[in-house]
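S.K.: Take a look at the following structure, please.
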Amino acid sequence: MVTKKTVKSDIQIAQEAKMKPIQEVAAEIGLTPDDLELYGKYKAKITSAKLEELKKNKNGKVILVTAINPTPAGEGKSTVTVGLGDALHRLQKKVMIALREPSLGPVMGIKGGAAGGGYSQVLPMEDINLHFTGDFHAITSANNALAALIDNHIHQGNELKIDQRRIVWKRALDLNDRALRNVVIGLGGPAQGVPREDGFDITVASEIMAVLCLATDIEDLRKRLSRIVVAYNFDKEPVTVGDLGVEGALTLLLKDAVKPNLVQTIEHTPALVHGGPFANIAHGCNSVIATTAAMKLADYVVTEAGFGADLGAEKFLHIKTRAANFKPDAVVIVATIRALKMHGGVAKSELATENISALINGFENLKKHSETITAFGLPFVVAVNRFATDTEEEINTLLELCRKNNMPAALTEVWEKGGQGGLALAEEVLNVLEKEENKFKPLYELSDSLEEKIRTIVQKVYGGKDVEFSPKARRQLYEFEERGWGNLPVCMAKTQYSLSDDPGKVGRPKDFIITVRELKPSIGAGFIVVLTGDVLTMPGLPKVPAALKMDVDKDGRAVGLF
């Protein structure tokens with residue numbers, strides 16, 4: 001294993017890597033220079049004309065990478081996604097990777113970026129983790145343009161009779177800023193607008209982010225934008241973007257952001273990085289357009305969904321597959337011995353010490369996620385993402401636990417070795433793709449009631465006993481069904497750290513009840529958001545933000561970015 005003396009930071013590894021011009025990477029998957037809109041030498045968007053042309057191609061196989069419930073010890077899901085793609089590339093497979101774009105909130109805060117790590121990264125890492133091609137800025141602008149248009153409509157006479165007490169559209173910012181969660185706007189007299197309470201969401205929680213990521217093309221984007229509910233009038237009827245007549249302007253702001261971004265890994269595997277909704281408060285998947293394009297360009301697509309299988313994977317399988325009309329072919333569940341020991345009760349400070357009993361206890365979390373994927377009828381492989389502190393006995397114990405429970409598993413060392421360290425995982429994935437039968441089936445039907453859908457997820461995905469609805473949520477269940485929204489999938493907003501809605505209940509808690517406090521209609525995105533526990537749509541910064549370590553050198557190169 002790598003010793004501490006030789007370990008380089010992610011940014012050092014990324015900056016030392018030699019990238020190919022993006023046209024060369026594109027040529028490998030059959031794209032010509034005319035199919036690209038260049039953003040410098042190493043980034044490009046695929047043109048709308050090419051995306052339309054690709055629709056006639058047959059689909060490649062989709063491999064979804066998910067994980068156990070995350071812990072402060074880290075799981076490395078994006079790293080494994082990139083490493084698996086590189087490994088398949090080494091095996092001479094025509095493969096593409098499809099990832100989300102990182103949000104500046106976590107980048108500047110505590111969680112970090114989303115470009116992978118070590119020798120399994122997508123490049124240029126600094127650009128991807130910062131402003132990239134401007135997609136998030138366009139989404140933020142569209143979100144806030146809509147907010148401004150709502151307030152202007154009220155100020156100019158309020159023809160739609162919008163009840164300013166019932167405006168549900170918030171402003172957005174792609175940073176963690178707790179001071180903006182609740183604000184008052186319009187102060188200063190009649191010329192400054194109509195005073196009212198407002199608030200900010202982080203951009204990745206904006207419905208416009210979800211709309212962009214679930215749209216199939218620019219016309220579908222326009223239709224979805226028009227359906228967004230922004231407020232209710234004095235008769236308590238919903239007011240939409242279409243009622244305001246501004247869907248065209250919003251589509252105009254998003255006309256470039258809707259095109260997927262082509263980049264490469266350290267090993268030059270083509271990757272599409274596009275869209276970035278959070279998985280604990282949104283649906284947690286990269287764009288349908290990017291995944292679909294990758295399916296049409298490659299024989300194998302390796303993609304990921306945020307956080308554990310209880311969040312990102314569940315939403316990928318219930319929401320994204322329906323929007324994009326495809327079936328995934330296999331799932332990889334990423335687990336680390338460090339994280340499993342934390343789920344088994346070990347403090348972060350003690351993770352370097354061998355602890356077999358904690359590992360065995362924590363294994364129950366992994367086992368539950370594997371049971372969930374099996375319930376969907378999908379074959380899976382466990383990726384044991386190796387860390388330097390893992391002992392041979394711990395590794396052997398975990399692999400044996402997987403074997404005894406009929407869970408295919410492979411030791412994975414992609415952070416240290418890149419694609420070479422993922423060959424065992426790649427071969428195991430190819431094996432299950434060939435031998436295991438794909439019986440994919442959602443756990444609920446769209447015809448089920450909203451309450452039935454929520455209860456199904458709580459009991460079959462989380463392993464909970466039941467659901468408790470607040471009086472407000474109970475009223476909303478009735479109201480949404482009456483409005484004809486009951487046939488939409490549900491998007492659960494829940495802590496990522498636990499199968500329950502209590503982040504302190506790690507491992508595999510039993511007999512818990514999920515409390516639903518509120519429902520929110522995301523009619524443009526095409527789902528109903530279900531808020532549980534105390535999940536926030538605008539995070540705050542930690543005591544020591546990652547931003548304190550960031551800088552640039554005299555040549556303008558990033559310093560301290562992971």
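Lettering and numbering for the structure tokens are positional, with chains as A, B, ... in the shown order, residues counted from 1 in each chain, and ligands counted from 1 in the shown order.
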Mind checking DSSP for segment 319-428 of chain A and telling me the strand (DSSP E or B) residues as a PyMOL selection string?

M.R.: chain A and resi 330-335+380-385+409-412

S.K.: Could the residues in this selection be saved with C-alpha atoms as a short mmCIF file (atom, residue, chain, number, x, y, z; two decimals), in the first residue's frame?

M.R.:
```
data_model
loop_
_atom_site.label_atom_id
_atom_site.label_comp_id
_atom_site.auth_asym_id
_atom_site.auth_seq_id
_atom_site.Cartn_x
_atom_site.Cartn_y
_atom_site.Cartn_z
CA ALA A 330 -26.65 -3.75 -12.69
CA VAL A 331 -25.78 -1.92 -9.47
CA VAL A 332 -22.51 -1.47 -7.59
CA ILE A 333 -22.80 -0.83 -3.84
CA VAL A 334 -19.72 0.93 -2.48
CA ALA A 335 -18.68 0.16 1.10
CA PHE A 380 -25.39 -6.12 -7.85
CA VAL A 381 -21.75 -6.24 -6.80
CA VAL A 382 -20.29 -4.88 -3.56
CA ALA A 383 -17.19 -2.72 -4.14
CA VAL A 384 -15.00 -2.93 -1.03
CA ASN A 385 -13.20 0.39 -1.40
CA ALA A 409 -17.97 -8.57 -3.91
CA ALA A 410 -14.61 -7.30 -5.16
CA LEU A 411 -11.76 -5.55 -3.40
CA THR A 412 -11.26 -2.18 -5.08
#
```

S.K.: For Gly377 of chain A, find every residue with an atom within 12 Å (counting only C-alpha atoms), except residues of its own chain fewer than 4 positions away, and show them as number ranges by chain.

M.R.: A: 317, 327-331, 370-373, 436-443

S.K.: Can you list, as a list in words, every protein, DNA or RNA residue that comes within 7 Å of segment 125-134 of chain A when you count only C-alpha atoms, leaving out same-chain residues fewer than 5 positions away?

M.R.: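 Selected residues are Ala14, Tyr39, Glu101, Pro102, Leu104, Val107, Gly113, Ala115 and Ala558 of chain A.
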
S.K.: Could you write those residues out with N, CA and C atoms, as a tab-separated table (two decimals), in the first residue's frame?

M.R.:
```tsv
chain	number	residue	atom	x	y	z
A	14	ALA	N	-4.20	15.56	-9.97
A	14	ALA	CA	-4.94	16.10	-11.12
A	14	ALA	C	-4.07	17.06	-11.94
A	39	TYR	N	-15.39	24.53	-24.92
A	39	TYR	CA	-15.20	25.46	-23.80
A	39	TYR	C	-13.72	25.37	-23.41
A	101	GLU	N	-22.47	17.35	-11.61
A	101	GLU	CA	-21.55	18.46	-11.36
A	101	GLU	C	-21.56	18.78	-9.87
A	102	PRO	N	-20.39	19.15	-9.32
A	102	PRO	CA	-20.35	19.53	-7.90
A	102	PRO	C	-20.99	20.88	-7.65
A	104	LEU	N	-20.97	24.39	-5.42
A	104	LEU	CA	-19.99	25.19	-4.69
A	104	LEU	C	-20.24	25.17	-3.19
A	107	VAL	N	-18.27	22.25	-1.87
A	107	VAL	CA	-16.87	22.49	-2.21
A	107	VAL	C	-16.25	23.49	-1.24
A	113	GLY	N	-15.66	17.98	-3.22
A	113	GLY	CA	-16.14	18.01	-4.59
A	113	GLY	C	-16.74	16.70	-5.03
A	115	ALA	N	-15.57	15.09	-8.19
A	115	ALA	CA	-14.82	14.72	-9.38
A	115	ALA	C	-14.01	13.44	-9.18
A	558	ALA	N	-4.97	26.61	-8.94
A	558	ALA	CA	-5.68	26.40	-7.67
A	558	ALA	C	-4.76	25.73	-6.65
```

S.K.: Which residues of segment 407-489 of chain A come within 9 Å of segment 527-546 of chain A, and for each one, what is the closest pair of atoms and their distance in Å to one decimal, counting only C-alpha atoms, sorted by chain and residue number, as a tab-separated table?

M.R.:
```
residue	atom	partner	partner_atom	distance
A:Leu450	CA	A:Ile528	CA	8.5
A:Ile454	CA	A:Val530	CA	8.2
A:Ala473	CA	A:Val530	CA	8.8
A:Phe480	CA	A:Ile528	CA	9.0
A:Trp485	CA	A:Ile528	CA	8.0
A:Gly486	CA	A:Ile528	CA	8.6
A:Asn487	CA	A:Phe527	CA	8.9
A:Leu488	CA	A:Phe527	CA	5.2
A:Pro489	CA	A:Phe527	CA	5.0
```

S.K.: What does the file look like for those residues with N, CA and C atoms, as a PDB file, in the first residue's frame?

M.R.:
```
ATOM      1  N   LEU A 450     -50.341   8.584  -2.922  1.00  0.00           N
ATOM      2  CA  LEU A 450     -49.107   9.164  -2.379  1.00  0.00           C
ATOM      3  C   LEU A 450     -48.755   8.528  -1.045  1.00  0.00           C
ATOM      4  N   ILE A 454     -45.240   6.495  -0.178  1.00  0.00           N
ATOM      5  CA  ILE A 454     -44.364   6.870   0.933  1.00  0.00           C
ATOM      6  C   ILE A 454     -44.171   5.684   1.884  1.00  0.00           C
ATOM      7  N   ALA A 473     -49.197  17.699   6.740  1.00  0.00           N
ATOM      8  CA  ALA A 473     -48.900  16.726   5.688  1.00  0.00           C
ATOM      9  C   ALA A 473     -50.132  15.905   5.343  1.00  0.00           C
ATOM     10  N   PHE A 480     -53.375  17.207  -2.597  1.00  0.00           N
ATOM     11  CA  PHE A 480     -52.614  16.868  -3.798  1.00  0.00           C
ATOM     12  C   PHE A 480     -53.317  15.791  -4.614  1.00  0.00           C
ATOM     13  N   TRP A 485     -52.462  15.256  -8.610  1.00  0.00           N
ATOM     14  CA  TRP A 485     -51.021  15.058  -8.505  1.00  0.00           C
ATOM     15  C   TRP A 485     -50.660  13.707  -7.875  1.00  0.00           C
ATOM     16  N   GLY A 486     -51.649  12.929  -7.540  1.00  0.00           N
ATOM     17  CA  GLY A 486     -51.393  11.673  -6.835  1.00  0.00           C
ATOM     18  C   GLY A 486     -50.705  10.615  -7.675  1.00  0.00           C
ATOM     19  N   ASN A 487     -50.705  10.788  -9.001  1.00  0.00           N
ATOM     20  CA  ASN A 487     -50.073   9.781  -9.872  1.00  0.00           C
ATOM     21  C   ASN A 487     -48.593  10.047 -10.101  1.00  0.00           C
ATOM     22  N   LEU A 488     -48.012  11.012  -9.391  1.00  0.00           N
ATOM     23  CA  LEU A 488     -46.584  11.318  -9.535  1.00  0.00           C
ATOM     24  C   LEU A 488     -45.761  10.481  -8.554  1.00  0.00           C
ATOM     25  N   PRO A 489     -44.503  10.187  -8.887  1.00  0.00           N
ATOM     26  CA  PRO A 489     -43.614   9.543  -7.909  1.00  0.00           C
ATOM     27  C   PRO A 489     -43.304  10.500  -6.766  1.00  0.00           C
TER      28      PRO A 489
END
```

S.K.: Rounded to one decimal in Å, what is the spacing between atom CA of Gly276 of chain A and atom CA of Lys93 of chain A?

M.R.: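 It comes out at 26.9 Å.
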
S.K.: For Lys55 of chain A, list every protein, DNA or RNA residue within 10 Å, evaluated using only C-alpha atoms, and leave out those in the same chain fewer than 2 positions away; present the list as a VMD selection string.

M.R.: chain A and resid 50 to 53 57 to 59 292 to 293 295 to 297

S.K.: Quick one: residues within 9 Å of Pro509 of chain A, only C-alpha atoms, excluding same-chain residues fewer than 6 positions away - as a ChimeraX atom specification?

M.R.: /A:365,463-464,498-500

S.K.: As JSON, numbers by chain, list the residues of segment 63-158 of chain A assigned to alpha helix (DSSP H) by DSSP on the backbone atoms of this structure.

M.R.: {"A": [77, 78, 79, 80, 81, 82, 83, 84, 85, 86, 87, 88, 89, 90, 104, 105, 106, 107, 108, 125, 126, 127, 128, 129, 135, 136, 137, 138, 139, 140, 141, 142, 143, 144, 145, 146, 147, 148, 149, 150, 151, 152, 153, 154, 155]}

S.K.: Can you pull out every residue within 8 Å of Asp217 of chain A, counting only C-alpha atoms, but drop anything in the same chain fewer than 2 positions away, and send it as a PDB file with all heavy atoms, in the first residue's frame?

M.R.:
```pdb
ATOM      1  N   ALA A 215     -35.469  16.620 -17.842  1.00  0.00           N
ATOM      2  CA  ALA A 215     -35.962  16.911 -19.197  1.00  0.00           C
ATOM      3  C   ALA A 215     -35.255  16.025 -20.219  1.00  0.00           C
ATOM      4  O   ALA A 215     -34.081  15.692 -20.069  1.00  0.00           O
ATOM      5  CB  ALA A 215     -35.726  18.382 -19.529  1.00  0.00           C
ATOM      6  N   GLU A 219     -37.445  21.097 -25.692  1.00  0.00           N
ATOM      7  CA  GLU A 219     -38.898  21.286 -25.717  1.00  0.00           C
ATOM      8  C   GLU A 219     -39.535  20.708 -24.455  1.00  0.00           C
ATOM      9  O   GLU A 219     -40.467  21.298 -23.902  1.00  0.00           O
ATOM     10  CB  GLU A 219     -39.493  20.647 -26.971  1.00  0.00           C
ATOM     11  CG  GLU A 219     -39.281  21.465 -28.226  1.00  0.00           C
ATOM     12  CD  GLU A 219     -39.794  22.895 -28.073  1.00  0.00           C
ATOM     13  OE1 GLU A 219     -40.938  23.088 -27.618  1.00  0.00           O
ATOM     14  OE2 GLU A 219     -39.036  23.839 -28.392  1.00  0.00           O
ATOM     15  N   ASP A 220     -39.045  19.562 -24.017  1.00  0.00           N
ATOM     16  CA  ASP A 220     -39.541  18.991 -22.769  1.00  0.00           C
ATOM     17  C   ASP A 220     -39.174  19.901 -21.596  1.00  0.00           C
ATOM     18  O   ASP A 220     -39.953  20.057 -20.648  1.00  0.00           O
ATOM     19  CB  ASP A 220     -38.953  17.589 -22.567  1.00  0.00           C
ATOM     20  CG  ASP A 220     -39.555  16.864 -21.364  1.00  0.00           C
ATOM     21  OD1 ASP A 220     -40.777  16.990 -21.151  1.00  0.00           O
ATOM     22  OD2 ASP A 220     -38.796  16.177 -20.650  1.00  0.00           O
ATOM     23  N   LEU A 221     -37.997  20.508 -21.666  1.00  0.00           N
ATOM     24  CA  LEU A 221     -37.584  21.467 -20.639  1.00  0.00           C
ATOM     25  C   LEU A 221     -38.590  22.609 -20.546  1.00  0.00           C
ATOM     26  O   LEU A 221     -39.030  22.988 -19.448  1.00  0.00           O
ATOM     27  CB  LEU A 221     -36.194  22.010 -20.970  1.00  0.00           C
ATOM     28  CG  LEU A 221     -35.653  23.117 -20.057  1.00  0.00           C
ATOM     29  CD1 LEU A 221     -35.357  22.587 -18.669  1.00  0.00           C
ATOM     30  CD2 LEU A 221     -34.392  23.741 -20.668  1.00  0.00           C
ATOM     31  N   VAL A 258     -28.569  23.178 -20.783  1.00  0.00           N
ATOM     32  CA  VAL A 258     -29.254  21.894 -20.973  1.00  0.00           C
ATOM     33  C   VAL A 258     -28.402  20.895 -21.767  1.00  0.00           C
ATOM     34  O   VAL A 258     -28.670  19.689 -21.764  1.00  0.00           O
ATOM     35  CB  VAL A 258     -30.627  22.116 -21.649  1.00  0.00           C
ATOM     36  CG1 VAL A 258     -30.463  22.405 -23.137  1.00  0.00           C
ATOM     37  CG2 VAL A 258     -31.569  20.951 -21.408  1.00  0.00           C
ATOM     38  N   ILE A 289     -30.546  13.731 -20.019  1.00  0.00           N
ATOM     39  CA  ILE A 289     -29.945  13.969 -21.340  1.00  0.00           C
ATOM     40  C   ILE A 289     -28.537  13.388 -21.400  1.00  0.00           C
ATOM     41  O   ILE A 289     -28.159  12.733 -22.387  1.00  0.00           O
ATOM     42  CB  ILE A 289     -29.950  15.476 -21.672  1.00  0.00           C
ATOM     43  CG1 ILE A 289     -31.384  15.954 -21.887  1.00  0.00           C
ATOM     44  CG2 ILE A 289     -29.101  15.768 -22.906  1.00  0.00           C
ATOM     45  CD1 ILE A 289     -31.519  17.452 -22.093  1.00  0.00           C
TER      46      ILE A 289
END
```

S.K.: Could you list, as a list of chain:residue names, every residue within 9 Å of Ala323 of chain A, counting only C-alpha atoms and ignoring same-chain residues fewer than 3 positions away?

M.R.: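 Counting only C-alpha atoms, the residues come to A:Leu214, A:Ala215, A:Thr216, A:Val288, A:Ile319, A:Lys320, A:Phe326, A:Gly526.
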
S.K.: Which residue, A:Asn406, A:Thr265, A:Thr397, A:Ser470, has the smallest gap to Asn361 of chain A when you use only C-alpha atoms?

M.R.: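 For Asn361 of chain A, the nearest of the candidates is A:Thr397.
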
S.K.: For Met209 of chain A, which residue among A:Pro408, A:Pro379, A:Pro21, A:Pro277 is the nearest when counting only C-alpha atoms?

M.R.: A:Pro277

S.K.: To one decimal place, how far is atom CA of Phe562 of chain A from atom CA of Ala547 of chain A in Å?

M.R.: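 Interatomic distance here is 10.2 Å.
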